[in-house]
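Source file: entry05.txt; contents: compact mmCIF, C-alpha atoms.
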# COMPACT_ATOMS: atom_id res chain seq x y z
CA MET A 1 -3.78 -3.12 -27.52
CA VAL A 2 -5.50 -1.61 -30.57
CA LYS A 3 -3.23 -1.26 -33.60
CA GLN A 4 -3.89 2.19 -35.04
CA ALA A 5 -3.65 2.78 -38.78
CA GLY A 6 -1.67 5.95 -38.24
CA SER A 7 -0.57 8.36 -35.56
CA GLU A 8 -3.27 10.77 -36.67
CA THR A 9 -5.98 8.32 -35.54
CA LYS A 10 -7.50 9.49 -32.26
CA LEU A 11 -9.38 6.78 -30.43
CA GLY A 12 -12.00 7.60 -27.82
CA ILE A 13 -11.22 7.24 -24.14
CA ASN A 14 -13.42 4.19 -23.59
CA THR A 15 -11.88 2.45 -26.59
CA ARG A 16 -8.42 3.10 -25.18
CA LEU A 17 -9.47 1.93 -21.72
CA ALA A 18 -10.92 -1.26 -23.18
CA HIS A 19 -7.83 -2.19 -25.17
CA GLY A 20 -4.82 -0.40 -23.68
CA GLY A 21 -1.73 -2.10 -22.36
CA TYR A 22 -2.15 -5.56 -23.81
CA ASP A 23 -2.45 -7.10 -27.28
CA PRO A 24 -4.21 -10.50 -27.23
CA ARG A 25 -2.04 -11.56 -30.17
CA ASP A 26 0.95 -11.52 -27.84
CA TYR A 27 -0.45 -14.49 -25.88
CA HIS A 28 -2.37 -16.99 -27.99
CA GLY A 29 -5.29 -14.58 -28.57
CA PHE A 30 -6.58 -14.56 -25.00
CA VAL A 31 -8.44 -11.30 -24.35
CA ASN A 32 -6.84 -10.74 -20.94
CA PRO A 33 -3.13 -11.02 -20.10
CA PRO A 34 -1.85 -13.98 -18.10
CA VAL A 35 -1.45 -13.46 -14.37
CA VAL A 36 2.20 -14.21 -13.66
CA HIS A 37 2.90 -15.34 -10.09
CA ALA A 38 6.62 -14.96 -9.75
CA SER A 39 9.65 -14.12 -7.70
CA THR A 40 12.51 -16.04 -9.35
CA VAL A 41 13.19 -15.84 -13.07
CA LEU A 42 15.51 -18.39 -14.68
CA PHE A 43 18.21 -17.60 -17.24
CA PRO A 44 19.14 -19.93 -20.11
CA ASP A 45 22.89 -19.76 -19.45
CA ALA A 46 25.56 -18.12 -17.28
CA GLN A 47 26.43 -15.50 -19.88
CA THR A 48 22.86 -14.20 -20.09
CA MET A 49 22.63 -14.19 -16.30
CA ALA A 50 25.90 -12.28 -15.88
CA GLY A 51 24.89 -9.65 -18.42
CA HIS A 52 21.21 -9.43 -17.40
CA LYS A 53 20.52 -9.92 -21.09
CA GLN A 54 16.88 -10.82 -20.93
CA LYS A 55 13.73 -8.79 -20.42
CA TYR A 56 12.78 -10.18 -17.00
CA THR A 57 15.39 -10.83 -14.33
CA TYR A 58 13.49 -10.81 -11.02
CA ALA A 59 9.87 -10.07 -10.23
CA THR A 60 10.61 -6.87 -8.30
CA HIS A 61 11.61 -5.40 -11.67
CA GLY A 62 8.37 -6.34 -13.41
CA THR A 63 6.41 -9.20 -14.94
CA PRO A 64 4.25 -9.44 -18.06
CA THR A 65 1.20 -8.70 -15.89
CA THR A 66 2.57 -5.57 -14.23
CA ASP A 67 4.02 -4.40 -17.54
CA ALA A 68 0.57 -4.62 -19.15
CA LEU A 69 -0.85 -2.33 -16.47
CA CYS A 70 2.06 0.10 -16.74
CA ARG A 71 1.67 0.31 -20.52
CA ALA A 72 -2.05 1.01 -20.15
CA ILE A 73 -1.37 3.81 -17.66
CA ASP A 74 1.37 5.23 -19.90
CA GLU A 75 -1.11 5.43 -22.77
CA LEU A 76 -3.65 7.26 -20.63
CA GLU A 77 -1.12 9.64 -19.12
CA GLY A 78 1.03 10.25 -22.18
CA ALA A 79 3.95 9.25 -19.96
CA ALA A 80 7.48 8.08 -20.69
CA GLY A 81 7.03 5.43 -18.02
CA THR A 82 4.99 4.31 -15.02
CA VAL A 83 5.92 2.42 -11.87
CA LEU A 84 3.55 0.56 -9.55
CA VAL A 85 3.64 0.76 -5.76
CA PRO A 86 1.62 -0.94 -3.01
CA SER A 87 -0.60 2.04 -2.07
CA GLY A 88 -1.66 5.53 -3.01
CA LEU A 89 0.40 6.95 -0.16
CA ALA A 90 3.48 5.15 -1.49
CA ALA A 91 2.77 6.81 -4.84
CA VAL A 92 3.19 10.14 -3.03
CA THR A 93 6.23 9.25 -0.93
CA VAL A 94 8.37 7.49 -3.55
CA PRO A 95 8.76 10.44 -5.97
CA LEU A 96 9.37 12.82 -3.06
CA LEU A 97 12.18 10.55 -1.87
CA ALA A 98 13.45 10.22 -5.45
CA PHE A 99 13.85 13.95 -6.08
CA LEU A 100 14.56 15.48 -2.66
CA SER A 101 17.85 15.47 -0.76
CA PRO A 102 18.94 16.95 2.59
CA GLY A 103 19.01 20.73 2.28
CA ASP A 104 16.38 20.85 -0.48
CA HIS A 105 13.16 22.82 -0.19
CA LEU A 106 9.68 21.41 -0.92
CA LEU A 107 6.61 23.54 -1.57
CA MET A 108 3.58 21.43 -0.62
CA VAL A 109 0.01 22.55 -1.25
CA ASP A 110 -1.79 23.15 2.04
CA SER A 111 -4.88 21.25 0.87
CA CYS A 112 -2.97 18.01 0.35
CA TYR A 113 -4.06 14.56 1.51
CA GLY A 114 -3.62 14.33 5.27
CA ASN A 115 -1.15 11.44 5.16
CA THR A 116 0.96 13.36 2.66
CA ARG A 117 1.25 16.13 5.26
CA HIS A 118 2.20 13.60 7.94
CA PHE A 119 5.00 12.23 5.73
CA CYS A 120 6.32 15.73 5.08
CA ASN A 121 6.22 16.76 8.72
CA THR A 122 7.88 13.59 9.98
CA MET A 123 10.04 11.67 7.53
CA LEU A 124 11.07 14.50 5.20
CA ARG A 125 11.87 16.98 7.95
CA ARG A 126 13.83 14.30 9.80
CA LEU A 127 15.87 13.81 6.63
CA GLY A 128 16.77 17.51 6.58
CA ILE A 129 14.33 18.61 3.89
CA GLU A 130 12.71 22.02 4.32
CA VAL A 131 8.92 21.95 3.87
CA ASP A 132 6.65 24.95 3.39
CA TYR A 133 2.92 24.83 2.73
CA TYR A 134 1.32 27.18 0.23
CA ASP A 135 -2.18 28.40 -0.55
CA PRO A 136 -3.76 26.27 -3.31
CA LEU A 137 -5.10 29.45 -4.93
CA VAL A 138 -1.66 31.07 -5.28
CA GLY A 139 -1.36 30.41 -9.04
CA ALA A 140 1.52 32.27 -10.66
CA GLY A 141 2.19 33.86 -7.27
CA ILE A 142 4.05 30.65 -6.41
CA GLU A 143 7.06 32.47 -7.90
CA ARG A 144 7.35 34.55 -4.70
CA LEU A 145 7.63 31.39 -2.59
CA ILE A 146 10.30 29.64 -4.63
CA LYS A 147 13.74 29.64 -3.03
CA PRO A 148 17.13 28.90 -4.57
CA ASN A 149 16.95 25.40 -3.05
CA THR A 150 13.34 24.66 -4.08
CA ARG A 151 13.50 21.31 -5.81
CA VAL A 152 9.85 20.17 -5.89
CA ILE A 153 6.46 21.85 -6.02
CA PHE A 154 3.70 19.42 -5.13
CA THR A 155 0.14 20.05 -6.29
CA GLU A 156 -3.22 18.39 -5.69
CA SER A 157 -6.23 19.67 -7.60
CA PRO A 158 -8.96 19.67 -6.50
CA GLY A 159 -7.69 19.91 -2.95
CA SER A 160 -8.27 17.01 -0.61
CA ASN A 161 -11.62 17.32 1.22
CA THR A 162 -12.13 21.02 0.41
CA PHE A 163 -11.77 20.88 -3.40
CA GLU A 164 -9.84 24.03 -4.23
CA ILE A 165 -8.84 24.18 -7.91
CA GLN A 166 -5.21 25.05 -8.61
CA ASP A 167 -3.95 26.88 -11.69
CA ILE A 168 -1.62 24.04 -12.66
CA PRO A 169 -0.24 25.57 -15.92
CA ALA A 170 0.69 28.81 -14.13
CA ILE A 171 2.39 26.95 -11.29
CA ALA A 172 4.25 24.68 -13.72
CA GLU A 173 5.53 27.63 -15.74
CA LYS A 174 7.01 29.32 -12.67
CA ALA A 175 8.37 26.05 -11.31
CA HIS A 176 10.16 25.12 -14.51
CA ALA A 177 11.64 28.61 -14.82
CA ALA A 178 13.26 27.94 -11.43
CA ASP A 179 14.31 24.38 -12.44
CA ALA A 180 11.89 22.77 -9.98
CA ILE A 181 9.96 19.55 -10.56
CA VAL A 182 6.14 19.64 -10.49
CA MET A 183 4.31 16.68 -8.99
CA MET A 184 0.54 16.26 -8.87
CA ASP A 185 -1.77 13.98 -6.96
CA ASN A 186 -4.39 13.58 -9.71
CA THR A 187 -6.42 10.82 -8.08
CA TRP A 188 -9.73 12.73 -8.10
CA ALA A 189 -9.90 13.42 -11.83
CA THR A 190 -7.79 10.54 -13.19
CA PRO A 191 -6.12 11.00 -16.59
CA ILE A 192 -9.58 10.65 -18.12
CA TYR A 193 -10.64 14.09 -16.89
CA PHE A 194 -7.31 15.88 -16.40
CA LYS A 195 -4.17 15.21 -18.44
CA ALA A 196 -1.62 16.26 -15.85
CA LEU A 197 1.50 15.86 -17.99
CA ALA A 198 -0.09 17.84 -20.82
CA TYR A 199 -0.55 20.77 -18.40
CA GLY A 200 3.11 20.94 -17.39
CA VAL A 201 3.21 18.42 -14.55
CA ASP A 202 6.35 16.27 -14.54
CA ILE A 203 5.12 13.43 -12.33
CA SER A 204 1.47 12.33 -12.12
CA ILE A 205 0.42 10.38 -9.04
CA HIS A 206 -2.66 8.20 -8.54
CA ALA A 207 -4.12 6.07 -5.81
CA ALA A 208 -5.16 3.24 -8.12
CA THR A 209 -7.01 1.98 -5.06
CA LYS A 210 -9.71 4.45 -6.06
CA TYR A 211 -11.24 4.66 -9.55
CA PRO A 212 -8.89 2.36 -11.50
CA ALA A 213 -9.50 -0.60 -9.17
CA GLY A 214 -13.02 0.62 -8.48
CA HIS A 215 -14.27 -2.07 -6.10
CA SER A 216 -12.79 -1.25 -2.66
CA ASP A 217 -10.70 -4.42 -2.61
CA ILE A 218 -7.23 -3.46 -3.91
CA LEU A 219 -4.48 -1.19 -2.57
CA MET A 220 -2.14 0.22 -5.24
CA GLY A 221 -0.54 3.41 -6.46
CA THR A 222 0.77 4.46 -9.85
CA ILE A 223 3.47 7.04 -10.58
CA SER A 224 3.91 8.26 -14.15
CA ALA A 225 6.66 10.59 -15.34
CA ASN A 226 7.74 12.48 -18.41
CA GLU A 227 10.98 11.77 -20.27
CA LYS A 228 12.95 14.22 -18.12
CA CYS A 229 12.05 12.57 -14.82
CA PHE A 230 11.36 8.91 -15.46
CA ARG A 231 14.92 7.60 -15.13
CA THR A 232 15.37 9.15 -11.68
CA LEU A 233 11.94 7.91 -10.59
CA ASP A 234 12.59 4.39 -11.86
CA ALA A 235 15.97 4.21 -10.13
CA ALA A 236 14.45 5.20 -6.78
CA HIS A 237 11.62 2.74 -7.23
CA SER A 238 14.10 -0.07 -7.85
CA ALA A 239 16.34 0.96 -4.96
CA LEU A 240 13.41 0.87 -2.53
CA GLY A 241 12.43 -2.62 -3.65
CA LEU A 242 8.78 -1.77 -4.16
CA CYS A 243 6.53 -3.98 -6.25
CA VAL A 244 2.94 -5.22 -6.51
CA SER A 245 1.50 -8.69 -6.97
CA GLY A 246 0.41 -10.06 -10.30
CA ASP A 247 -3.09 -10.66 -8.97
CA ASP A 248 -3.49 -7.04 -7.87
CA ALA A 249 -2.05 -5.68 -11.12
CA TYR A 250 -4.47 -7.85 -13.09
CA GLN A 251 -7.43 -6.64 -11.03
CA VAL A 252 -6.53 -2.98 -11.54
CA LEU A 253 -6.07 -3.54 -15.27
CA ARG A 254 -9.46 -5.23 -15.27
CA GLY A 255 -10.91 -2.22 -13.45
CA LEU A 256 -9.50 0.14 -16.08
CA ARG A 257 -11.66 -1.49 -18.73
CA THR A 258 -14.82 -0.11 -17.13
CA MET A 259 -13.39 3.01 -15.47
CA GLY A 260 -14.76 5.35 -18.13
CA VAL A 261 -18.37 4.31 -17.74
CA ARG A 262 -18.05 4.11 -13.97
CA MET A 263 -16.52 7.57 -13.77
CA GLU A 264 -19.33 8.96 -15.89
CA ARG A 265 -21.91 7.51 -13.49
CA HIS A 266 -19.98 8.69 -10.41
CA GLY A 267 -19.65 12.18 -11.84
CA ASP A 268 -23.24 12.54 -13.02
CA ASN A 269 -24.64 11.28 -9.73
CA ALA A 270 -22.36 13.54 -7.70
CA LEU A 271 -23.07 16.73 -9.63
CA GLU A 272 -26.83 16.24 -9.53
CA ILE A 273 -26.75 15.53 -5.80
CA ALA A 274 -24.46 18.54 -5.21
CA GLN A 275 -26.89 20.79 -7.07
CA TRP A 276 -29.78 19.41 -5.03
CA LEU A 277 -27.88 19.92 -1.77
CA GLU A 278 -27.47 23.63 -2.53
CA THR A 279 -31.26 23.97 -2.13
CA GLN A 280 -31.58 22.16 1.19
CA ASP A 281 -32.18 23.58 4.66
CA GLY A 282 -29.23 23.19 6.96
CA VAL A 283 -26.70 23.24 4.11
CA ILE A 284 -24.32 26.19 4.31
CA GLU A 285 -22.10 25.43 1.33
CA VAL A 286 -21.39 22.68 -1.18
CA LEU A 287 -17.75 22.21 -2.16
CA HIS A 288 -17.89 20.80 -5.69
CA PRO A 289 -15.88 22.49 -8.47
CA GLY A 290 -18.50 21.55 -11.05
CA LEU A 291 -20.96 23.95 -9.41
CA GLU A 292 -21.14 27.50 -10.77
CA SER A 293 -21.10 28.71 -7.15
CA HIS A 294 -17.66 27.21 -6.57
CA ALA A 295 -14.81 29.73 -6.46
CA GLY A 296 -12.68 27.62 -8.78
CA HIS A 297 -15.39 26.79 -11.29
CA SER A 298 -13.90 28.83 -14.16
CA LEU A 299 -10.50 27.12 -13.79
CA PHE A 300 -12.26 23.78 -13.56
CA LYS A 301 -14.14 24.42 -16.78
CA ARG A 302 -10.94 25.58 -18.49
CA ASP A 303 -8.75 22.61 -17.58
CA PHE A 304 -10.92 19.62 -16.67
CA CYS A 305 -13.19 17.65 -18.99
CA GLY A 306 -15.18 15.94 -16.25
CA ALA A 307 -15.55 15.47 -12.51
CA GLY A 308 -15.01 12.72 -10.02
CA GLY A 309 -17.69 11.55 -7.64
CA VAL A 310 -16.32 13.00 -4.41
CA PHE A 311 -17.20 16.38 -2.88
CA SER A 312 -17.96 17.93 0.49
CA VAL A 313 -20.94 19.64 2.02
CA VAL A 314 -20.84 22.08 4.93
CA ILE A 315 -23.80 21.66 7.28
CA GLY A 316 -24.83 23.83 10.21
CA GLY A 317 -23.41 22.99 13.63
CA GLY A 318 -20.35 21.09 14.77
CA THR A 319 -19.35 17.58 15.74
CA GLU A 320 -22.71 16.73 17.32
CA GLN A 321 -24.60 17.62 14.15
CA ALA A 322 -22.02 15.85 11.97
CA HIS A 323 -22.37 12.67 13.99
CA ALA A 324 -26.17 12.86 13.88
CA PHE A 325 -26.01 13.24 10.09
CA LEU A 326 -23.68 10.27 9.68
CA ASN A 327 -25.53 8.01 12.12
CA ALA A 328 -28.82 8.54 10.26
CA LEU A 329 -27.41 7.26 6.96
CA ARG A 330 -28.36 3.77 5.83
CA ILE A 331 -27.02 3.49 2.27
CA PHE A 332 -23.87 5.56 2.72
CA GLY A 333 -21.22 3.65 4.62
CA LEU A 334 -19.02 5.40 7.17
CA GLY A 335 -15.54 4.80 5.91
CA TYR A 336 -12.36 6.29 4.53
CA SER A 337 -11.19 6.03 0.95
CA TRP A 338 -13.43 6.42 -2.07
CA GLY A 339 -13.63 5.48 -5.74
CA GLY A 340 -15.39 2.18 -5.16
CA TYR A 341 -18.88 1.33 -6.32
CA GLU A 342 -20.45 2.14 -2.93
CA SER A 343 -21.29 5.52 -1.41
CA LEU A 344 -19.37 6.65 1.67
CA ALA A 345 -19.41 9.57 4.09
CA VAL A 346 -16.90 10.93 6.61
CA HIS A 347 -16.66 13.96 8.91
CA VAL A 348 -13.64 15.91 7.65
CA GLN A 349 -10.99 17.13 10.09
CA LEU A 350 -8.98 20.17 8.96
CA ALA A 351 -7.15 21.19 12.14
CA ALA A 352 -3.72 20.20 10.82
CA ARG A 353 -3.81 22.73 7.98
CA GLU A 354 -1.85 25.94 8.16
CA ILE A 355 -3.64 28.14 5.60
CA THR A 356 -6.86 26.61 4.31
CA GLY A 357 -9.89 25.09 5.98
CA LYS A 358 -10.15 27.49 8.92
CA ASN A 359 -13.21 29.51 7.97
CA TYR A 360 -16.01 27.04 7.31
CA ALA A 361 -19.17 28.00 9.20
CA GLY A 362 -20.17 24.45 10.05
CA ALA A 363 -19.19 20.80 9.92
CA VAL A 364 -17.58 19.57 6.70
CA ILE A 365 -18.87 16.20 5.49
CA ARG A 366 -17.16 14.49 2.57
CA LEU A 367 -19.40 12.37 0.37
CA GLN A 368 -18.25 9.68 -2.02
CA ILE A 369 -21.13 9.22 -4.44
CA GLY A 370 -21.24 5.66 -5.67
CA LEU A 371 -23.10 3.84 -8.41
CA GLU A 372 -26.42 3.45 -6.62
CA ASP A 373 -29.63 5.10 -7.85
CA LYS A 374 -29.62 8.86 -7.26
CA LYS A 375 -33.10 8.91 -5.76
CA ASP A 376 -32.06 6.42 -3.09
CA LEU A 377 -28.93 8.42 -2.24
CA ILE A 378 -30.89 11.66 -2.06
CA ALA A 379 -33.45 10.06 0.27
CA ASP A 380 -30.61 8.84 2.50
CA ILE A 381 -29.00 12.29 2.63
CA LYS A 382 -32.40 13.80 3.45
CA ASN A 383 -32.55 11.57 6.52
CA GLY A 384 -29.08 12.69 7.53
CA LEU A 385 -29.93 16.37 7.16
CA ALA A 386 -33.17 15.94 9.11
CA ALA A 387 -31.29 14.30 11.97
CA ALA A 388 -28.65 17.06 12.02
CA ASN A 389 -31.26 19.82 11.82
CA ALA A 390 -33.23 18.31 14.69
CA ILE A 391 -30.45 19.02 17.18
Please rewrite the model in this file as structure tokens.
Amino acid sequence: MVKQAGSETKLGINTRLAHGGYDPRDYHGFVNPPVVHASTVLFPDAQTMAGHKQKYTYATHGTPTTDALCRAIDELEGAAGTVLVPSGLAAVTVPLLAFLSPGDHLLMVDSCYGNTRHFCNTMLRRLGIEVDYYDPLVGAGIERLIKPNTRVIFTESPGSNTFEIQDIPAIAEKAHAADAIVMMDNTWATPIYFKALAYGVDISIHAATKYPAGHSDILMGTISANEKCFRTLDAAHSALGLCVSGDDAYQVLRGLRTMGVRMERHGDNALEIAQWLETQDGVIEVLHPGLESHAGHSLFKRDFCGAGGVFSVVIGGGTEQAHAFLNALRIFGLGYSWGGYESLAVHVQLAAREITGKNYAGAVIRLQIGLEDKKDLIADIKNGLAAANAI
């Protein structure tokens, strides 16, 4: 952890990523923190044990390794505290369980991650929680949808697979006026490119599986909260007994050190390829908020300071054309998830949505643009488009 001369000193994002969360002087000068493999923690005497009067009591409540990662995330988010969970989906479900009770009302953005929708429609409704989906473009109009029992408004911007940009400050203002909590799945932008808590979000959620880990080999989620919400979040996290291994926490912290430069490469590659795709035969629409043609581009420019490497392209035809496109790819892998070093592609399914995703004139293909050379990725996509157009 870099020791700043004064609070007025503003370090750059890559400097903070390189040094956040851990001070080598705390452990014999070693640049990286120790990986603590632990379950049981011993106490020096019965009195300390009875009063829990030591920092670490049991590994489900943290270790030096997991604490280093949490501190690094706190610094990036500007959060009062962060908890770690075993997956990105758990990072969505834990705060919803923490802040919702039977009889409460949840407003969930219609363009949410598909497994978030499944959790809402199954577990939450079974627990007696009322769930309504709202248009991601509603902005301040969210006020009309808030009920007396609305406890949480959940946002995700850009929207999953279709990349709608939400007016987060406007939604947060109306939510807080009604005493509702605002949560945001901010996995696409990360706190590098969108400071969720600074825009009025109370709880910022990330699939650390994606860009923080960065190598398609770790499952983890992070949940960061402001001062108002952290105690409730932390209590629920402890009650559910969720924790992550020291090895995984170390690997994600290691990934953070290079996340800035990786994100820059992902974003530059993706935007250039998206711009190129707009000129290609067989392409109906490119869904990337960094494009001037995107309906949410002005909001994106106002609130975001960069873009992730994931976007979608709408190509002519249906499932047959989508499959032909995917089967012709040689560099892009066919797989879910994203945020790793490798490029991926998937045919997006939007049938479960209630409001959005109904009016696309062709097949929607989501592309994760990796760290490969752009010319090679473009050549691969050309092959995919040629195969789809040949049908």
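Between atom CA of Ala345 of chain A and atom CA of Asp380 of chain A there is a distance of 11.3 Å.
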What's around Gly384 of chain A at 8 Å? Count only C-alpha atoms, leave out sequence neighbours fewer than 5 positions away in its own chain, and write the answer as number ranges by chain. A: 324-329
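For the atom pair formed by atom CA of Ala189 of chain A and atom CA of Gly308 of chain A, the distance is 5.5 Å, given to one decimal.
Take the candidates A:Arg25, A:Ala207, A:Gln54, A:Val109 and check each one against Ile171 of chain A using all atoms listed in the file; the shortest distance goes to A:Val109.
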Just the residues within 10 Å of Trp188 of chain A, please, counting all atoms listed in the file, with nothing from its chain fewer than 2 positions along; format it as an NGL selection string. :A and (156-160 or 163 or 185-186 or 190-191 or 193-194 or 206-207 or 210-211 or 307-311 or 338-339)
Rounded to one decimal place, report the atom CA of Ile331 of chain A-atom CA of Asp373 of chain A distance in Å.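 Distance reported for this atom pair: 10.6 Å.
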So which residues touch segment 361-369 of chain A within 8 Å, counting all atoms listed in the file, skipping near sequence neighbours fewer than 6 positions away, as a count of residues only? 28
Using all atoms listed in the file, which protein or nucleic acid residues come within 12 Å of Glu227 of chain A? Drop anything in the same chain fewer than 3 positions from it, and give the result as a list in words.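 Neighbouring residues, sequence-local ones excluded: Asp74, Gly78, Ala79, Ala80, Gly81, Thr82, Leu197, Val201, Asp202, Ile203, Ser224, Phe230, Arg231, Thr232, Leu233 and Asp234 of chain A.
Restricting the calculation to all atoms listed in the file, the smallest distance between Ile378 of chain A and any of A:His37, A:Arg330, A:Lys301, A:Lys53 is found for A:Arg330.
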